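Undergrad: Questions regarding the structure given below will be posed in turn.
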Amino acid sequence: MPYRTAWVLLVWFLLLALSGCEVVSAPPPDTTTTSVVLGVTPSPPSPTDVPAPPPAPVLLSRALAARQIGADLDAAQDLSALLNAYPNDPEAPQARFFLAESMARRGLWSAAAQLFRPFADGPTDDPLHAPALFWLARCTEEAGDHATAVDLYQRYRDLATPLEPYAAMRQAAQLVALGRQADAAAAYTHVARLDIVRGERAGSYERAIELHIQLGDPAVALDLYTELLDFAQTPTYRARILFDAASLAQQLGQAEQAAAWLRQLIADAPATSQAQIAVDQLLAAGDTALSPAAAAQVLMQAERWPEALTQFDLALAQAADLEVATELRRLRGMTLRFQGDFPAALAALSEAGAMSPNSEAGRQAQLDWIQTLGQSGEVERASVAYQEYAANYPDDPRAPDALDRAAQLRERLGDREGTLAIQRSLGERYPQSSQAASVLHRAAMALFRSGDYAQARAFWQILAEQARGEVQAQAAFWAARSAVAQSDPAAASALFRVALDAAPSSYYTARASEELGLELQGSVPLDAPLNESDWATLRAWVRSWPDQAAAPTPEELGLEADGSVRRATLLVEVGLGTEARNEWLAAIERWTDDPPRLAELARLAHSQGSAYVALRSAARLARLAPSDSPQPLVLERLLYPAPYPALLIQQSAERGLDPRLLYALLRQESLFDPLATSWVGARGMAQVMPATGEGIAHNLGLADFTLDDLYRPVVSVNFGAYYLSARMADMQGSIQGGLASYNGGLGNAQRWAGGSFISDPDLFTEGVDFAETRGYIKAVYGFYAVYQRIYTQP
């Protein structure tokens with residue numbers, strides 16, 4: 001029986017039972033289909049021995065556990081069994097409510113509405129009244145009954161709960177559908193002026209503005225634009241709003257206001273297409289307040305070189321400050337270079353560098369001159385000039401980059417020894433620079449692959465001794481590998497231990513521990529809960545920081561009553577998970593520098609089952625912590641959580657995976673956000689692409705799979721475990737190969753490996769030519785080591 005067919009029959013029997021004032025048993029669903037979705041293999045019932053149902057509290061608890069992982073059909077079965085066996089027990093009202101919710105979550109809106117209605121029409125002091133009323137409004141909304149939805153949302157708004165703004169937003173959309181634009185505009189404006197997340201406020205402002213324009217009230221719309229600009233922050237979004245506001249102001253004859261907004265747009269977001277239009281409009285209007293320098297930079301970024309040069313000349317004629325004049329002349333020289341006029345560009349840049357050689361603009365002009373020299377074909381001179389720059393300005397933060405570029409040009413000339421000498425000089429002079437980290441590692445890896453282990457080791461040794469963090473771990477690990485190749489086991493062991501201590505969550509720490517034969521085995525069971533003692537430890541750790549000895553208690557903080565937290569909690573109750581997540585994130589942003597509140601936010605989010613929000617709060621807390629304050633185990637468990645343990649343990653066992661590896665993958669993919677959607681469309685905790693998800697569903701025999709099912713943890717974990725296991729099998733059990741295939745595709749993984757067998761996992765990883773996939777392998781493998789260090793193997 002297909003999955004959705006089982007749902008339909010379950011609903012039909014349940015409603016038939018309710019209409020007769022009693023509850024009857026629902027037909028059993030097809031266990032083959034259900035077990036694939038849930039990752040459970042149920043035992044077939046005996047035809048002659050039907051056991052008594054478990055007690056009502058057990059059935060309700062089991063249903064809520066299934067609900068948490070998105071297994072709504074399993075939840076509905078237990079809830080229906082509870083109502084059938086115990087219709088008058090105290091658990092029955094909750095069972096009816098959650099059964100209605102499970103139907104709504106599967107899109108069975110009419111059936112859900114029938115079950116929600118008694119709660120919505122019941123006493124207002126019933127805790128289930130308000131959420132049922134919101135759900136009922138959503139059901140009628142989905143049914144297209146806009147008028148009833150408006151009335152129901154108004155009833156909910158009249159309750160004055162923290163979700164009133166969200167009810168108002170949804171009510172406004174229904175009012176638009178009914179053609180009641182004025183009422184809708186009023187509702188959107190009401191929401192826009194409330195203290196909820198910025199995105200919802202901004203969206204409400206824009207909808208209200210659009211409606212007022214439709215209603216012929218452009219002046220009101222312009223006032224709303226002014227309010228919106230008071231808090232719009234993201235540059236590209238702000239640029240669009242400024243442009244639209246200026247356009248409306250022009251239509252209303254408010255030329256001065258329009259010009260002011262266009263100038264602000266140019267200053268705030270010069271790289272946007274709106275800025276180009278703004279420059280054109282202001283130049284055409286002869287706006288004397290427009291800065292020629294600002295206009296020139298916009299035109300330069302738009303690759304309109306002749307026009308940019310004209311504006312730079314005007315700006316230079318007005319420049320009185322030496323530093324400003326130097327920067328303008330530098331930019332003019334760059335414009336000439338972009339235009340292809342290298343002689344003129346070199347002259348302009350040389351003049352800029354000489355005007356103020358020790359200023360920021362003057363030094364950058366000198367480097368631009370060298371780069372232009374190289375691009376003009378003078379590669380040898382440019383390489384020498386870069387080295388001279390680094391010698392003349394050894395403390396300049398651009399000196400490492402100058403040496404890197406000198407080495408690149410020397411490599412273009414085919415001078416291998418000269419290239420290595422400059423690279424080594426870069427490492428020795430600036431060992432903690434990002435340029436040294438990448439240049440020395442890349443050069444040493446080439447030497448290692450060519451069999452020059454001594455020189456490779458010398459390069460890595462520089463970073464192993466003087467760099468810090470993951471750079472040091474990487475260099476020490478590969479220096480150790482070089483020592484192994486040189487038959488120097490003592491040195492190799494010492495270097496592996498340097499890697500082990502340098503970056504606890506890195507790929508190299510994980511591999512170093514394996515090379516040393518150390519067993520990473522934690523003591524915490526995956527399903528061990530965090531208890532009050534753990535939270536007390538976290539609070540005590542925060543109080544141990546400087547200036548935090550008098551940190552407030554949870555009661556003094558009172559975060560459970562905070563607006564964002566209350567809204568996040570209630571939004572989950574009415575099935576609006578994305579909105580709930582955004583409210584949580586707004587709270588983190590608001591208290592991003594407040595350690596006690598971040599710790600309490602982590603506790604509250606964890607208690608409500610949001611590993612993602614708790615992790616985000618804990619990560620911010622960890623960044624604020626003093627460097628000499630060792631992280632307590634509770635913080636590590638928040639940073640590397642183990643949500644849905646029964647599901648992951650069971651799925652991993654079925655696929656032959658270590659659940660800690662699967663946790664590491666999910667952490668990298670989504671930070672355990674079930675509703676995550678990537679910019680390319682990957683969905684859910686395991687970030688499965690739609691086409692891949694459909695293929696997996698077909699392979700698993702899921703008859704009624706929909707893409708939205710990927711947002712259900714039970715499906716996402718199942719598909720992620722299946723796909724990782726399959727890709728590891730394709731790569732003959734290699735974890736690195738499986739991860740490369742999961743992220744970069746099987747064909748690419750086999751290309752990088754030269755087949756399906758990986759003899760050296762570290763060389764394989766370094767040879768991955770997709771930077772994202774190479775970083776992915778290292779991140780997941782490093783997280784895997786942390787999970788092994790914290791948690792026991794089930």
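Going by the structure tokens order, chains are called A, B, ..., each with residues numbered from 1, while ligands are numbered from 1 in the order shown.
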Which polymer residues have any atom within 10 Å of an atom of range 484-500 of chain A, counting only C-alpha atoms, with same-chain residues fewer than 4 positions away left out, as a ChimeraX atom specification?
TA: /A:448,451-454,457,461,464-465,469-480,504-516
Undergrad: Hey, which bits of range 631-666 of chain A sit within 9 Å of range 766-787 of chain A, and for each residue what's the closest pair of atoms and how far apart in Å (one decimal), counting only C-alpha atoms, rows by chain and increasing number, as JSON lines?
TA:
```
{"residue": "A:Glu636", "atom": "CA", "partner": "A:Val786", "partner_atom": "CA", "distance": 8.9}
{"residue": "A:Arg637", "atom": "CA", "partner": "A:Tyr787", "partner_atom": "CA", "distance": 8.9}
{"residue": "A:Tyr640", "atom": "CA", "partner": "A:Tyr787", "partner_atom": "CA", "distance": 6.8}
{"residue": "A:Pro641", "atom": "CA", "partner": "A:Tyr787", "partner_atom": "CA", "distance": 8.7}
{"residue": "A:Ala642", "atom": "CA", "partner": "A:Tyr787", "partner_atom": "CA", "distance": 8.9}
{"residue": "A:Arg660", "atom": "CA", "partner": "A:Tyr787", "partner_atom": "CA", "distance": 5.6}
{"residue": "A:Leu661", "atom": "CA", "partner": "A:Tyr784", "partner_atom": "CA", "distance": 5.2}
{"residue": "A:Leu662", "atom": "CA", "partner": "A:Tyr784", "partner_atom": "CA", "distance": 8.3}
{"residue": "A:Tyr663", "atom": "CA", "partner": "A:Tyr784", "partner_atom": "CA", "distance": 7.6}
{"residue": "A:Ala664", "atom": "CA", "partner": "A:Tyr784", "partner_atom": "CA", "distance": 5.1}
{"residue": "A:Leu665", "atom": "CA", "partner": "A:Val780", "partner_atom": "CA", "distance": 5.5}
{"residue": "A:Leu666", "atom": "CA", "partner": "A:Val780", "partner_atom": "CA", "distance": 8.7}
```
Undergrad: Keeping only N, CA, C and O atoms, take the residues you just selected and write them out as a PDB file, in the first residue's frame.
TA:
```
ATOM      1  N   GLU A 636      31.407  21.342  24.502  1.00  0.00           N
ATOM      2  CA  GLU A 636      31.781  20.491  23.371  1.00  0.00           C
ATOM      3  C   GLU A 636      30.580  19.689  22.874  1.00  0.00           C
ATOM      4  O   GLU A 636      30.419  19.490  21.664  1.00  0.00           O
ATOM      5  N   ARG A 637      29.730  19.249  23.781  1.00  0.00           N
ATOM      6  CA  ARG A 637      28.546  18.489  23.369  1.00  0.00           C
ATOM      7  C   ARG A 637      27.523  19.380  22.661  1.00  0.00           C
ATOM      8  O   ARG A 637      26.762  18.894  21.821  1.00  0.00           O
ATOM      9  N   TYR A 640      29.162  19.851  19.212  1.00  0.00           N
ATOM     10  CA  TYR A 640      29.124  18.590  18.466  1.00  0.00           C
ATOM     11  C   TYR A 640      27.995  17.727  19.044  1.00  0.00           C
ATOM     12  O   TYR A 640      28.223  16.729  19.708  1.00  0.00           O
ATOM     13  N   PRO A 641      26.765  18.141  18.782  1.00  0.00           N
ATOM     14  CA  PRO A 641      25.621  17.479  19.423  1.00  0.00           C
ATOM     15  C   PRO A 641      25.296  16.149  18.763  1.00  0.00           C
ATOM     16  O   PRO A 641      25.776  15.832  17.672  1.00  0.00           O
ATOM     17  N   ALA A 642      24.425  15.406  19.422  1.00  0.00           N
ATOM     18  CA  ALA A 642      23.978  14.111  18.901  1.00  0.00           C
ATOM     19  C   ALA A 642      22.449  14.046  18.940  1.00  0.00           C
ATOM     20  O   ALA A 642      21.869  13.258  19.692  1.00  0.00           O
ATOM     21  N   ARG A 660      28.874   8.055  14.543  1.00  0.00           N
ATOM     22  CA  ARG A 660      29.633   9.285  14.800  1.00  0.00           C
ATOM     23  C   ARG A 660      30.140   9.894  13.488  1.00  0.00           C
ATOM     24  O   ARG A 660      30.283  11.107  13.382  1.00  0.00           O
ATOM     25  N   LEU A 661      30.408   9.057  12.501  1.00  0.00           N
ATOM     26  CA  LEU A 661      30.770   9.578  11.179  1.00  0.00           C
ATOM     27  C   LEU A 661      29.562  10.248  10.540  1.00  0.00           C
ATOM     28  O   LEU A 661      29.684  11.319   9.925  1.00  0.00           O
ATOM     29  N   LEU A 662      28.396   9.641  10.673  1.00  0.00           N
ATOM     30  CA  LEU A 662      27.187  10.247  10.115  1.00  0.00           C
ATOM     31  C   LEU A 662      26.886  11.570  10.807  1.00  0.00           C
ATOM     32  O   LEU A 662      26.485  12.545  10.150  1.00  0.00           O
ATOM     33  N   TYR A 663      27.072  11.638  12.118  1.00  0.00           N
ATOM     34  CA  TYR A 663      26.892  12.905  12.820  1.00  0.00           C
ATOM     35  C   TYR A 663      27.856  13.965  12.280  1.00  0.00           C
ATOM     36  O   TYR A 663      27.486  15.128  12.096  1.00  0.00           O
ATOM     37  N   ALA A 664      29.107  13.573  12.049  1.00  0.00           N
ATOM     38  CA  ALA A 664      30.093  14.523  11.535  1.00  0.00           C
ATOM     39  C   ALA A 664      29.664  15.065  10.182  1.00  0.00           C
ATOM     40  O   ALA A 664      29.801  16.263   9.889  1.00  0.00           O
ATOM     41  N   LEU A 665      29.124  14.189   9.341  1.00  0.00           N
ATOM     42  CA  LEU A 665      28.669  14.621   8.018  1.00  0.00           C
ATOM     43  C   LEU A 665      27.495  15.588   8.144  1.00  0.00           C
ATOM     44  O   LEU A 665      27.457  16.635   7.481  1.00  0.00           O
ATOM     45  N   LEU A 666      26.526  15.265   8.981  1.00  0.00           N
ATOM     46  CA  LEU A 666      25.349  16.125   9.136  1.00  0.00           C
ATOM     47  C   LEU A 666      25.730  17.484   9.718  1.00  0.00           C
ATOM     48  O   LEU A 666      25.156  18.514   9.358  1.00  0.00           O
TER      49      LEU A 666
END
```
Undergrad: Leaving out Pro794 in chain A and any residue of its chain fewer than 5 positions from it, which residues lie within 8 Å of it when counting only C-alpha atoms, given as an MDAnalysis selection string?
TA: chainID A and resid 525:526 649
Undergrad: Just the residues within 6 Å of range 73-79 of chain A, please, counting only C-alpha atoms, with nothing from its chain fewer than 3 positions along; format it as an MDAnalysis selection string.
TA: chainID A and resid 59 63 66:67 82 95 99
Undergrad: Within 8 Å of range 712-717 of chain A, counting only C-alpha atoms, which residues show up once you throw out same-chain ones fewer than 5 positions away? Write them as a list in words, please.
TA: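 My reading of the contact set: Val37, Leu38, Gly39, Ile69, Gly70, Ala71, Leu647, Leu648, Gln651, Pro674, Gly684, Met685, Ala686, Gln687 and Val688 of chain A.
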Undergrad: For the structure I just gave you, how does DSSP split range 330-470 of chain A - specifically, which residues are alpha helix (DSSP H)? Reply as an NGL selection string.
TA: :A and (330-339 or 342-355 or 360-375 or 379-392 or 399-412 or 416-429 or 434-449 or 453-466 or 469-470)
Undergrad: So that I can check the surroundings of Ala436 in chain A, please list as a list in words every protein, DNA and RNA residue that reaches within 8 Å of it, counting only C-alpha atoms and ignoring chain neighbours fewer than 6 positions away.
TA: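 The residues satisfying every condition are Pro400, Gln423, Leu426, Gly427 and Tyr430 of chain A.
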Undergrad: Write out as a PyMOL selection string which residues come within 12 Å of Gln281 in chain A when counting only C-alpha atoms, dropping same-chain ones fewer than 3 positions away.
TA: chain A and resi 243+246-247+250+255+258-259+261-263+266+274-278+284-287+290+295
Undergrad: Put those residues in a file: C-alpha atoms, as a PDB file, in the first residue's frame.
TA:
```pdb
ATOM      1  CA  PHE A 243      16.470  53.160  -5.653  1.00  0.00           C
ATOM      2  CA  ALA A 246      14.030  57.616  -5.043  1.00  0.00           C
ATOM      3  CA  SER A 247      11.972  56.615  -8.071  1.00  0.00           C
ATOM      4  CA  GLN A 250      10.734  61.604  -8.379  1.00  0.00           C
ATOM      5  CA  ALA A 255      13.469  65.902  -6.657  1.00  0.00           C
ATOM      6  CA  ALA A 258      15.140  61.619  -4.661  1.00  0.00           C
ATOM      7  CA  ALA A 259      18.620  62.996  -5.336  1.00  0.00           C
ATOM      8  CA  TRP A 261      18.568  58.950  -1.726  1.00  0.00           C
ATOM      9  CA  LEU A 262      20.420  58.341  -5.011  1.00  0.00           C
ATOM     10  CA  ARG A 263      23.602  59.860  -3.572  1.00  0.00           C
ATOM     11  CA  ILE A 266      26.025  55.461  -4.565  1.00  0.00           C
ATOM     12  CA  GLN A 274      21.253  50.585  -9.195  1.00  0.00           C
ATOM     13  CA  ALA A 275      24.305  52.722  -8.403  1.00  0.00           C
ATOM     14  CA  GLN A 276      25.139  52.960 -12.122  1.00  0.00           C
ATOM     15  CA  ILE A 277      21.619  54.149 -12.928  1.00  0.00           C
ATOM     16  CA  ALA A 278      21.781  56.582 -10.019  1.00  0.00           C
ATOM     17  CA  ALA A 284      21.979  63.989 -16.454  1.00  0.00           C
ATOM     18  CA  ALA A 285      20.254  66.265 -13.925  1.00  0.00           C
ATOM     19  CA  GLY A 286      23.476  68.216 -13.361  1.00  0.00           C
ATOM     20  CA  ASP A 287      23.445  67.408  -9.645  1.00  0.00           C
ATOM     21  CA  LEU A 290      27.280  64.402  -6.596  1.00  0.00           C
ATOM     22  CA  ALA A 295      30.758  58.736  -9.594  1.00  0.00           C
TER      23      ALA A 295
END
```
Undergrad: Nearest to Gln387 in chain A: which of A:Ala421, A:Leu322, A:Arg416, A:Gly362 is it, counting only C-alpha atoms?
TA: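 Closest to Gln387 in chain A, using only C-alpha atoms: A:Ala421.
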Undergrad: Quick check, in Å to one decimal: how far apart do CA of Val680 in chain A and CA of Gly693 in chain A lie?
TA: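 So the two atoms, CA of Val680 in chain A and CA of Gly693 in chain A, lie 14.0 Å apart.
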Undergrad: So how many Å separate CA of Ala599 in chain A and CA of Ala568 in chain A, to one decimal?
TA: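 That distance, rounded to one decimal, is 17.1 Å.
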Undergrad: So the first atom is CA of Phe764 in chain A and the second is CA of Leu520 in chain A; what is the distance between them in Å, to one decimal place?
TA: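 About the pair CA of Phe764 in chain A and CA of Leu520 in chain A: they are 23.1 Å apart.
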Undergrad: Let me make sure I understand: among A:Ala586, A:Leu700, A:Arg566, A:Asn392, which one has the smallest atom-to-atom distance to Glu164 in chain A if we use only C-alpha atoms?
TA: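 Using only C-alpha atoms, Glu164 in chain A sits closest to A:Arg566.
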